[in-house]
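Chemist: My structure is below; once you've seen it, I'll send some questions.
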Amino acid sequence: MYKRLSAVFLASALLVGCQSEETVQVTDTPSQIKAAQQTKDDVKSYASTYKTQSTESNKETQTYLGLKKDEDDNQEVTVKNAEENGKFYVYDKKAILQKEGEWVDISKLGGSQLLSMTKPLLYTEQFQLLEKLTDAKYKNHTLTQTINGYDDYLKVFGQSEEDKKAITNLKKSYPDIHNEITFTFNKRNQIEKITNDLKLKNDKTTVHNNAVTTFSEINSVHLDIPGPVKHAKEVGA
């Protein structure tokens, strides 16, 4: 009797365990979005990159941002563009950069502006866009949404009055718009890559902007924050 009851209890426990770990069966766009949402909170640390390439009237500009984020939300950020090539840290929720060879805490002196630079690199920030791609096409863990015209563009990006105003002004300068957004997921339904390809056109010129965001080393990043960064002097207080 004891053995039989033990077997019953064990089977029940295993069943409960399986139910709690049940995942969404991905077959289409809604299920892929739901599956990604379901695993979002499991992503604690990662490395990410954000690369943009813009072309207008044969003039090209490139920007690179790289980030490593640990479980404590500390961040090491690399910035490369035509004007700068440097690094800063987010440690204990403080923005810390190097000035004249010394690491300083500028949280009270434009720190919020510096922190806003990391938004394109943060995993959770990507869901603001992902959750709007309800019209995207699904294929092999990839979602692709093609936008032709400002009416469709407004549906995705015109969430606030400020956004709508900015898009209206954009339309005045560039009447033609084409945008293709692609999300690629790994086998765990975690975001692996995002491509946002935007083309704007008027009678005189075409603007082409291609932005690529990648995520890797998920839950494997460990940051060794340098001592001078941890003890950075606060400025602007």
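Chain labels run A, B, ... following the order of the structure tokens; each chain numbers its residues from 1, and ligands are numbered from 1 in the order shown.
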DSSP on the backbone, helix (DSSP H, G or I) only: what residues of range 86-178 of chain A does that give? Format it as a VMD selection string.
Modeler: chain A and resid 111 to 116 119 to 121 124 to 130 150 to 157 161 to 173
Chemist: Got a sec: who's within 12 Å of His178 in chain A, counting only C-alpha atoms, leaving out chain neighbours fewer than 3 positions off, as a PDB file with N, CA, C and O atoms, in the first residue's frame?
Modeler:
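Dumped to around21.pdb:
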ATOM      1  N   GLN A 145       7.536  42.134 -40.321  1.00  0.00           N
ATOM      2  CA  GLN A 145       6.429  43.032 -40.641  1.00  0.00           C
ATOM      3  C   GLN A 145       6.905  44.081 -41.629  1.00  0.00           C
ATOM      4  O   GLN A 145       7.905  44.763 -41.404  1.00  0.00           O
ATOM      5  N   THR A 146       6.179  44.193 -42.734  1.00  0.00           N
ATOM      6  CA  THR A 146       6.499  45.168 -43.772  1.00  0.00           C
ATOM      7  C   THR A 146       5.489  46.301 -43.721  1.00  0.00           C
ATOM      8  O   THR A 146       4.277  46.074 -43.715  1.00  0.00           O
ATOM      9  N   ILE A 147       6.012  47.523 -43.681  1.00  0.00           N
ATOM     10  CA  ILE A 147       5.165  48.714 -43.584  1.00  0.00           C
ATOM     11  C   ILE A 147       5.342  49.540 -44.845  1.00  0.00           C
ATOM     12  O   ILE A 147       6.459  49.973 -45.171  1.00  0.00           O
ATOM     13  N   ASN A 148       4.250  49.754 -45.557  1.00  0.00           N
ATOM     14  CA  ASN A 148       4.255  50.590 -46.752  1.00  0.00           C
ATOM     15  C   ASN A 148       3.251  51.719 -46.557  1.00  0.00           C
ATOM     16  O   ASN A 148       2.051  51.505 -46.643  1.00  0.00           O
ATOM     17  N   GLY A 149       3.743  52.895 -46.280  1.00  0.00           N
ATOM     18  CA  GLY A 149       2.850  54.033 -46.092  1.00  0.00           C
ATOM     19  C   GLY A 149       2.728  54.453 -44.637  1.00  0.00           C
ATOM     20  O   GLY A 149       2.957  53.670 -43.708  1.00  0.00           O
ATOM     21  N   TYR A 150       2.366  55.697 -44.440  1.00  0.00           N
ATOM     22  CA  TYR A 150       2.329  56.281 -43.103  1.00  0.00           C
ATOM     23  C   TYR A 150       1.160  55.805 -42.255  1.00  0.00           C
ATOM     24  O   TYR A 150       1.230  55.831 -41.021  1.00  0.00           O
ATOM     25  N   ASP A 151       0.075  55.350 -42.880  1.00  0.00           N
ATOM     26  CA  ASP A 151      -1.050  54.837 -42.093  1.00  0.00           C
ATOM     27  C   ASP A 151      -0.611  53.612 -41.292  1.00  0.00           C
ATOM     28  O   ASP A 151      -0.899  53.498 -40.087  1.00  0.00           O
ATOM     29  N   ASP A 152       0.097  52.695 -41.956  1.00  0.00           N
ATOM     30  CA  ASP A 152       0.603  51.503 -41.264  1.00  0.00           C
ATOM     31  C   ASP A 152       1.705  51.856 -40.271  1.00  0.00           C
ATOM     32  O   ASP A 152       1.817  51.252 -39.209  1.00  0.00           O
ATOM     33  N   TYR A 153       2.520  52.849 -40.622  1.00  0.00           N
ATOM     34  CA  TYR A 153       3.613  53.263 -39.743  1.00  0.00           C
ATOM     35  C   TYR A 153       3.062  53.846 -38.435  1.00  0.00           C
ATOM     36  O   TYR A 153       3.601  53.587 -37.345  1.00  0.00           O
ATOM     37  N   LYS A 171       6.401  62.969 -42.507  1.00  0.00           N
ATOM     38  CA  LYS A 171       5.670  62.760 -43.761  1.00  0.00           C
ATOM     39  C   LYS A 171       5.760  63.989 -44.660  1.00  0.00           C
ATOM     40  O   LYS A 171       5.824  63.876 -45.894  1.00  0.00           O
ATOM     41  N   TYR A 174       9.297  63.733 -46.107  1.00  0.00           N
ATOM     42  CA  TYR A 174       9.504  62.527 -46.925  1.00  0.00           C
ATOM     43  C   TYR A 174       8.156  61.818 -47.120  1.00  0.00           C
ATOM     44  O   TYR A 174       7.751  61.004 -46.300  1.00  0.00           O
ATOM     45  N   PRO A 175       7.463  62.117 -48.193  1.00  0.00           N
ATOM     46  CA  PRO A 175       6.120  61.560 -48.413  1.00  0.00           C
ATOM     47  C   PRO A 175       6.082  60.041 -48.556  1.00  0.00           C
ATOM     48  O   PRO A 175       5.056  59.420 -48.252  1.00  0.00           O
ATOM     49  N   ILE A 181      10.646  45.315 -40.504  1.00  0.00           N
ATOM     50  CA  ILE A 181      11.129  44.976 -39.167  1.00  0.00           C
ATOM     51  C   ILE A 181      11.130  43.464 -39.021  1.00  0.00           C
ATOM     52  O   ILE A 181      10.120  42.808 -39.296  1.00  0.00           O
ATOM     53  N   ASN A 196      15.815  46.541 -38.284  1.00  0.00           N
ATOM     54  CA  ASN A 196      14.836  47.579 -38.591  1.00  0.00           C
ATOM     55  C   ASN A 196      15.375  48.384 -39.773  1.00  0.00           C
ATOM     56  O   ASN A 196      16.282  49.201 -39.622  1.00  0.00           O
ATOM     57  N   ASP A 197      14.828  48.124 -40.945  1.00  0.00           N
ATOM     58  CA  ASP A 197      15.307  48.743 -42.178  1.00  0.00           C
ATOM     59  C   ASP A 197      14.283  49.780 -42.652  1.00  0.00           C
ATOM     60  O   ASP A 197      13.152  49.432 -42.975  1.00  0.00           O
ATOM     61  N   LEU A 198      14.701  51.043 -42.671  1.00  0.00           N
ATOM     62  CA  LEU A 198      13.789  52.149 -42.979  1.00  0.00           C
ATOM     63  C   LEU A 198      14.286  52.941 -44.179  1.00  0.00           C
ATOM     64  O   LEU A 198      15.460  53.317 -44.242  1.00  0.00           O
ATOM     65  N   LYS A 199      13.361  53.192 -45.130  1.00  0.00           N
ATOM     66  CA  LYS A 199      13.683  54.031 -46.285  1.00  0.00           C
ATOM     67  C   LYS A 199      12.670  55.166 -46.390  1.00  0.00           C
ATOM     68  O   LYS A 199      11.457  54.936 -46.364  1.00  0.00           O
ATOM     69  N   LEU A 200      13.197  56.383 -46.491  1.00  0.00           N
ATOM     70  CA  LEU A 200      12.371  57.585 -46.648  1.00  0.00           C
ATOM     71  C   LEU A 200      12.746  58.261 -47.959  1.00  0.00           C
ATOM     72  O   LEU A 200      13.933  58.313 -48.311  1.00  0.00           O
ATOM     73  N   LYS A 201      11.745  58.785 -48.654  1.00  0.00           N
ATOM     74  CA  LYS A 201      12.032  59.336 -49.978  1.00  0.00           C
ATOM     75  C   LYS A 201      11.167  60.556 -50.278  1.00  0.00           C
ATOM     76  O   LYS A 201       9.986  60.599 -49.925  1.00  0.00           O
ATOM     77  N   THR A 206      16.843  60.273 -51.038  1.00  0.00           N
ATOM     78  CA  THR A 206      16.402  59.074 -50.335  1.00  0.00           C
ATOM     79  C   THR A 206      17.265  58.890 -49.087  1.00  0.00           C
ATOM     80  O   THR A 206      18.496  58.989 -49.159  1.00  0.00           O
ATOM     81  N   VAL A 207      16.622  58.639 -47.983  1.00  0.00           N
ATOM     82  CA  VAL A 207      17.328  58.356 -46.733  1.00  0.00           C
ATOM     83  C   VAL A 207      17.132  56.879 -46.409  1.00  0.00           C
ATOM     84  O   VAL A 207      16.007  56.378 -46.397  1.00  0.00           O
ATOM     85  N   HIS A 208      18.228  56.204 -46.154  1.00  0.00           N
ATOM     86  CA  HIS A 208      18.164  54.771 -45.831  1.00  0.00           C
ATOM     87  C   HIS A 208      18.830  54.561 -44.479  1.00  0.00           C
ATOM     88  O   HIS A 208      20.011  54.894 -44.300  1.00  0.00           O
ATOM     89  N   ASN A 209      18.096  54.013 -43.531  1.00  0.00           N
ATOM     90  CA  ASN A 209      18.643  53.733 -42.207  1.00  0.00           C
ATOM     91  C   ASN A 209      18.421  52.258 -41.868  1.00  0.00           C
ATOM     92  O   ASN A 209      17.295  51.765 -41.909  1.00  0.00           O
ATOM     93  N   ASN A 210      19.514  51.573 -41.569  1.00  0.00           N
ATOM     94  CA  ASN A 210      19.439  50.166 -41.203  1.00  0.00           C
ATOM     95  C   ASN A 210      19.987  49.996 -39.785  1.00  0.00           C
ATOM     96  O   ASN A 210      21.144  50.333 -39.513  1.00  0.00           O
TER      97      ASN A 210
END
Chemist: Ranking A:Gln32, A:Thr205, A:Asn85, A:Asn58 by minimum distance to Phe185 in chain A and counting only C-alpha atoms, which one comes first?
Modeler: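 Closest to Phe185 in chain A, using only C-alpha atoms: A:Gln32.
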Chemist: Determine the nearest neighbour of Lys44 in chain A from the options A:Lys119, A:Lys69, A:Lys93, A:Lys139, counting only C-alpha atoms.
Modeler: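 So, comparing all the options, the nearest one is A:Lys69.
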Chemist: What does the distance from CA of Val156 in chain A to CA of Glu56 in chain A come to in Å, to one decimal?
Modeler: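 CA of Val156 in chain A sits 24.3 Å away from CA of Glu56 in chain A.
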Chemist: Enumerate the residues of chain A with a DSSP assignment of strand (DSSP E or B), computed from the backbone, and present them as JSON, numbers by chain.
Modeler: {"A": [46, 47, 48, 49, 50, 51, 52, 53, 54, 55, 56, 59, 60, 61, 62, 63, 64, 65, 66, 67, 68, 69, 75, 76, 77, 78, 79, 80, 85, 86, 87, 88, 89, 90, 91, 94, 95, 96, 97, 98, 99, 102, 103, 104, 105, 137, 138, 142, 143, 144, 145, 146, 147, 148, 176, 177, 178, 179, 180, 181, 182, 183, 184, 185, 191, 192, 193, 194, 195, 196, 197, 198, 199, 200, 201, 206, 207, 208, 209, 210, 211, 212, 213, 214, 215, 216, 233, 234]}
Chemist: Which one is closest to Lys94 in chain A: A:Lys230, A:Gly236, A:Asp203, A:Thr214? Count only C-alpha atoms.
Modeler: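 That would be A:Lys230, the residue with the smallest distance to Lys94 in chain A.
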Chemist: Of the candidates A:Asn202, A:Thr39, A:Thr55, A:Gln75, which shows the shortest atom-to-atom distance to Leu170 in chain A, using only C-alpha atoms?
Modeler: A:Asn202
Chemist: At a cut-off of 9 Å, using only C-alpha atoms, what residues contact Pro120 in chain A? Leave out same-chain residues fewer than 4 positions from it and give the result as a list in words.
Modeler: Thr49, Tyr50, Leu65, Ser116, Glu125, Gln126 and Thr213 of chain A
Chemist: With C-alpha atoms kept, could you save the residues just selected as a tab-separated table (two decimals), in the first residue's frame?
Modeler:
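So result-v8.tsv came out as:
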chain	number	residue	atom	x	y	z
A	49	THR	CA	24.97	45.27	-29.73
A	50	TYR	CA	23.18	48.01	-31.63
A	65	LEU	CA	26.82	50.56	-29.19
A	116	SER	CA	18.87	56.80	-22.27
A	125	GLU	CA	12.82	47.48	-24.07
A	126	GLN	CA	12.41	45.41	-27.25
A	213	THR	CA	20.26	44.76	-32.56
Chemist: Find the residues near Ser31 in chain A: any atom within 12 Å, counting only C-alpha atoms, skip ones fewer than 6 places away on the same chain, and give them as a short mmCIF file (atom, residue, chain, number, x, y, z; two decimals) with N, CA, C and O atoms, in the first residue's frame.
Modeler:
data_model
loop_
_atom_site.label_atom_id
_atom_site.label_comp_id
_atom_site.auth_asym_id
_atom_site.auth_seq_id
_atom_site.Cartn_x
_atom_site.Cartn_y
_atom_site.Cartn_z
N THR A 23 5.20 25.26 -21.85
CA THR A 23 5.51 26.38 -22.73
C THR A 23 4.51 26.46 -23.88
O THR A 23 3.82 25.50 -24.19
N VAL A 24 4.47 27.62 -24.49
CA VAL A 24 3.57 27.84 -25.61
C VAL A 24 4.09 27.11 -26.84
O VAL A 24 5.29 27.14 -27.15
N GLN A 25 3.20 26.43 -27.56
CA GLN A 25 3.56 25.78 -28.81
C GLN A 25 3.53 26.84 -29.91
O GLN A 25 2.48 27.38 -30.23
N GLN A 37 7.19 36.59 -24.61
CA GLN A 37 6.78 37.26 -23.38
C GLN A 37 6.93 36.34 -22.17
O GLN A 37 7.32 36.78 -21.09
N GLN A 38 6.65 35.09 -22.37
CA GLN A 38 6.71 34.11 -21.29
C GLN A 38 8.13 33.91 -20.77
O GLN A 38 8.32 33.61 -19.59
N GLU A 131 5.41 43.74 -29.27
CA GLU A 131 3.99 43.55 -28.97
C GLU A 131 3.08 44.31 -29.92
O GLU A 131 1.85 44.10 -29.91
N THR A 134 1.57 42.74 -34.49
CA THR A 134 0.53 41.72 -34.59
C THR A 134 0.23 41.32 -36.04
O THR A 134 -0.36 40.26 -36.28
N ALA A 136 2.63 40.88 -38.28
CA ALA A 136 3.86 40.30 -38.84
C ALA A 136 3.63 38.89 -39.36
O ALA A 136 2.74 38.17 -38.88
N LYS A 137 4.44 38.49 -40.31
CA LYS A 137 4.39 37.12 -40.85
C LYS A 137 5.36 36.25 -40.07
O LYS A 137 6.49 36.66 -39.79
N TYR A 138 4.92 35.04 -39.75
CA TYR A 138 5.75 34.11 -38.98
C TYR A 138 6.33 33.01 -39.88
O TYR A 138 5.63 32.45 -40.72
N LYS A 139 7.63 32.73 -39.66
CA LYS A 139 8.26 31.61 -40.35
C LYS A 139 9.54 31.22 -39.60
O LYS A 139 10.45 32.04 -39.45
N HIS A 141 10.65 30.64 -36.43
CA HIS A 141 11.11 31.47 -35.31
C HIS A 141 11.50 32.88 -35.74
O HIS A 141 12.36 33.51 -35.10
N THR A 142 10.88 33.36 -36.80
CA THR A 142 11.15 34.72 -37.27
C THR A 142 9.84 35.43 -37.56
O THR A 142 8.93 34.86 -38.17
N LEU A 143 9.75 36.69 -37.11
CA LEU A 143 8.60 37.53 -37.41
C LEU A 143 9.06 38.68 -38.29
O LEU A 143 10.07 39.34 -38.00
N ASN A 189 12.93 30.67 -27.54
CA ASN A 189 12.01 31.78 -27.81
C ASN A 189 12.48 33.09 -27.20
O ASN A 189 11.68 33.97 -26.89
#
Chemist: Show me, as a PyMOL selection string, the residues that have an atom within 10 Å of Leu109 in chain A when counting only C-alpha atoms, minus same-chain residues fewer than 3 positions from it.
Modeler: chain A and resi 95+105-106+112-114+234-237
Chemist: Counting only C-alpha atoms, what is within 6 Å of Lys51 in chain A, bar same-chain residues fewer than 6 positions away, as a list in words?
Modeler: Thr63, Tyr64, Ala211 and Val212 of chain A
Chemist: Name the residues in contact with Asp41 in chain A at a cut-off of 12 Å, using only C-alpha atoms, excluding same-chain residues fewer than 3 positions from it; report them as a ChimeraX atom specification.
Modeler: /A:35-38,44-45,71,123-124,127,190,218-219
Chemist: Measuring atom to atom with only C-alpha atoms, identify which of A:Asp176, A:Glu161, A:Asp224, A:Asp73 is nearest to Leu122 in chain A.
Modeler: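 Distance minimum relative to Leu122 in chain A lands on A:Asp73.
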Chemist: So how far away is CA of Ile167 in chain A from CA of Gly66 in chain A, in Å?
Modeler: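 According to the coordinates, CA of Gly66 in chain A and CA of Ile167 in chain A are separated by 28.2 Å.
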